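*Asks:* Pasting in a structure now, in structure tokens, and then I'll have a few things to ask.
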Amino acid sequence: MAETTQQDDIKQKSMLRLIFTHEDGGVLIGKNGRHITKLKETTSASWFVSRSSDGADRLVVLRGTIEELSNAVFALAQHLGEQADQSRLSESSTQFPTLRFLFPTKCIGSILGLGGANIAKIRADLDVSWLHVFHDAIPFSSERIVEVSGSEASLQAVTSWLLQTTMPELVDLQQTSTVYCPTKNGLRQMQLQERQRASCDQHSRHTSSSVVQADKEGLSRKRSHSLLEVDSYRPTSVHRDADCKRPRRSSDNTSTRSAKHHRSSARPERYVPSPRHSYTDSNRHVSSEQQEKLVVPDSIAGRLIGRSGNHLSSLKERSGAQIELSPRVPNMQDRIVTVSGRPSQVSSACRLIRDSIRSFEDL
């Protein structure tokens, strides 16, 4: 009976979504659509590439059976590898292309396994050079990024494993989940957020500051580098929350600021304290507060609040942070949770909220 169900899953047609930057769209499509036409002709899967306006990300949607989709990924990886060899799209030392799949959040548990055991096993068994699941869902969607780098054969094998692991729930969830609508620099912003989390988790404050500044400068350029190859960024612990604090700025110590600094015209801009910073009259001590926003499905928001607000009050009491939910909006499937307080309180509250959401989704 189990073998029959597995065979039905293999024959069942499903959808596979991949995300690329705006700059990589030309590599996928080619001049006058030459590249994408060749991929369609050489594979049995159905191909769709979203249009990119105002620098928005590109989405590639594949439809077919598990075998057809894995073969299409093999052809896509082979094409990207050839293009990278010809034009040297990335300065990274690795020669393997990187693909980023979009999966509904409810499928991520099956992919990770207990304590992330599946990730380590697949890296070893399928000879994958890099396999990483982004910690958070893409804002205003219920999809998370699964990043894979490796040879064409390993990418084909990982694709087949991902689909077999998440079937048949994947087909139903793709119909009901809130999918990602491409935005300008959306993928780069998600990578920036992932790097910040990993840097905080490793307590590398100075490194985090330089990496974040470099990424922000990259976003401001007219044309940025391709993301078809994975870079040297390797977080050591990517599926664990951390007490993340921002790097200390020299402007935080206001007692050392002199009138001369205020009158100086050499500095084009000067630090203006945020309203979130509270000052005491005794020693002018600065107590910085942090604010973080989470996106939760509207179907779970009621259980997160609890009867008479009991569950939400419990989260506030346990974390010490302020937690507020945005009001319900018609035809909007998500709601925003705003968490504010000291960094340790915000980190604790976010961890409790995510644990609560996971427990609700498992019911």
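Residues are referred to by chain and number: the chain letter is A, B, ... according to the order shown in the structure tokens, the number counts from 1 in that chain, and ligands are numbered separately from 1 in the order shown.
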Counting only C-alpha atoms, what are the residues of stretch 110-222 of chain A within 8 Å of stretch 13-17 of chain A, and for each of them which pair of atoms is the nearest and at what distance in Å, to one decimal? Sort the table by chain and rising number, as a Markdown table.
*Replies:*
| residue | atom | partner | partner_atom | distance |
| --- | --- | --- | --- | --- |
| A:Leu170 | CA | A:Ser14 | CA | 7.7 |
| A:Val171 | CA | A:Ser14 | CA | 5.9 |
| A:Gln174 | CA | A:Met15 | CA | 7.9 |
*Asks:* When you draw a straight line from atom CA of A:Ser356 to atom CA of A:Pro297, how long is it in Å?
*Replies:*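 Result for atom CA of A:Ser356 versus atom CA of A:Pro297: 12.4 Å, one decimal.
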*Asks:* For stretch 120-132 of chain A, list every protein, DNA or RNA residue within 9 Å, evaluated using only C-alpha atoms, and leave out those in the same chain fewer than 2 positions away; present the list as a PyMOL selection string.
*Replies:* chain A and resi 96+98+116-118+134+145-151+153-155+157-158+161+230+234+238
*Asks:* Which residues, written as a list in words, have at least one atom at most 10 Å from A:Asn71, with only C-alpha atoms counted and residues fewer than 2 positions away on the same chain left out?
*Replies:* Thr42, Thr43, Ser44, Ala45, Thr65, Ile66, Glu67, Glu68, Leu69, Val73, Phe74, Ala75, Leu76, Ala77, Glu152, Ala153, Leu155, Gln156, Ala157, Thr159 and Ser160 of chain A
*Asks:* Check which residues of stretch 133-194 of chain A sit at most 12 Å from stretch 23-32 of chain A using only C-alpha atoms, and return one row each with the closest pair of atoms and their distance in Å to one decimal, ordered by chain and rising number, as a Markdown table.
*Replies:*
| residue | atom | partner | partner_atom | distance |
| --- | --- | --- | --- | --- |
| A:Lys184 | CA | A:Glu23 | CA | 11.0 |
| A:Asn185 | CA | A:Glu23 | CA | 10.1 |
| A:Leu187 | CA | A:Glu23 | CA | 11.6 |
| A:Arg188 | CA | A:Glu23 | CA | 11.6 |
*Asks:* Please identify all polymer residues within 9 Å of A:Thr105, counting only C-alpha atoms, omitting same-chain residues fewer than 4 positions from it, and present them as a list of chain:residue names.
*Replies:*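 Final neighbour list, sorted by chain and number: A:Gly109, A:Asp136, A:Ala137, A:Ser142, A:Glu143, A:Arg144, A:Ser177.
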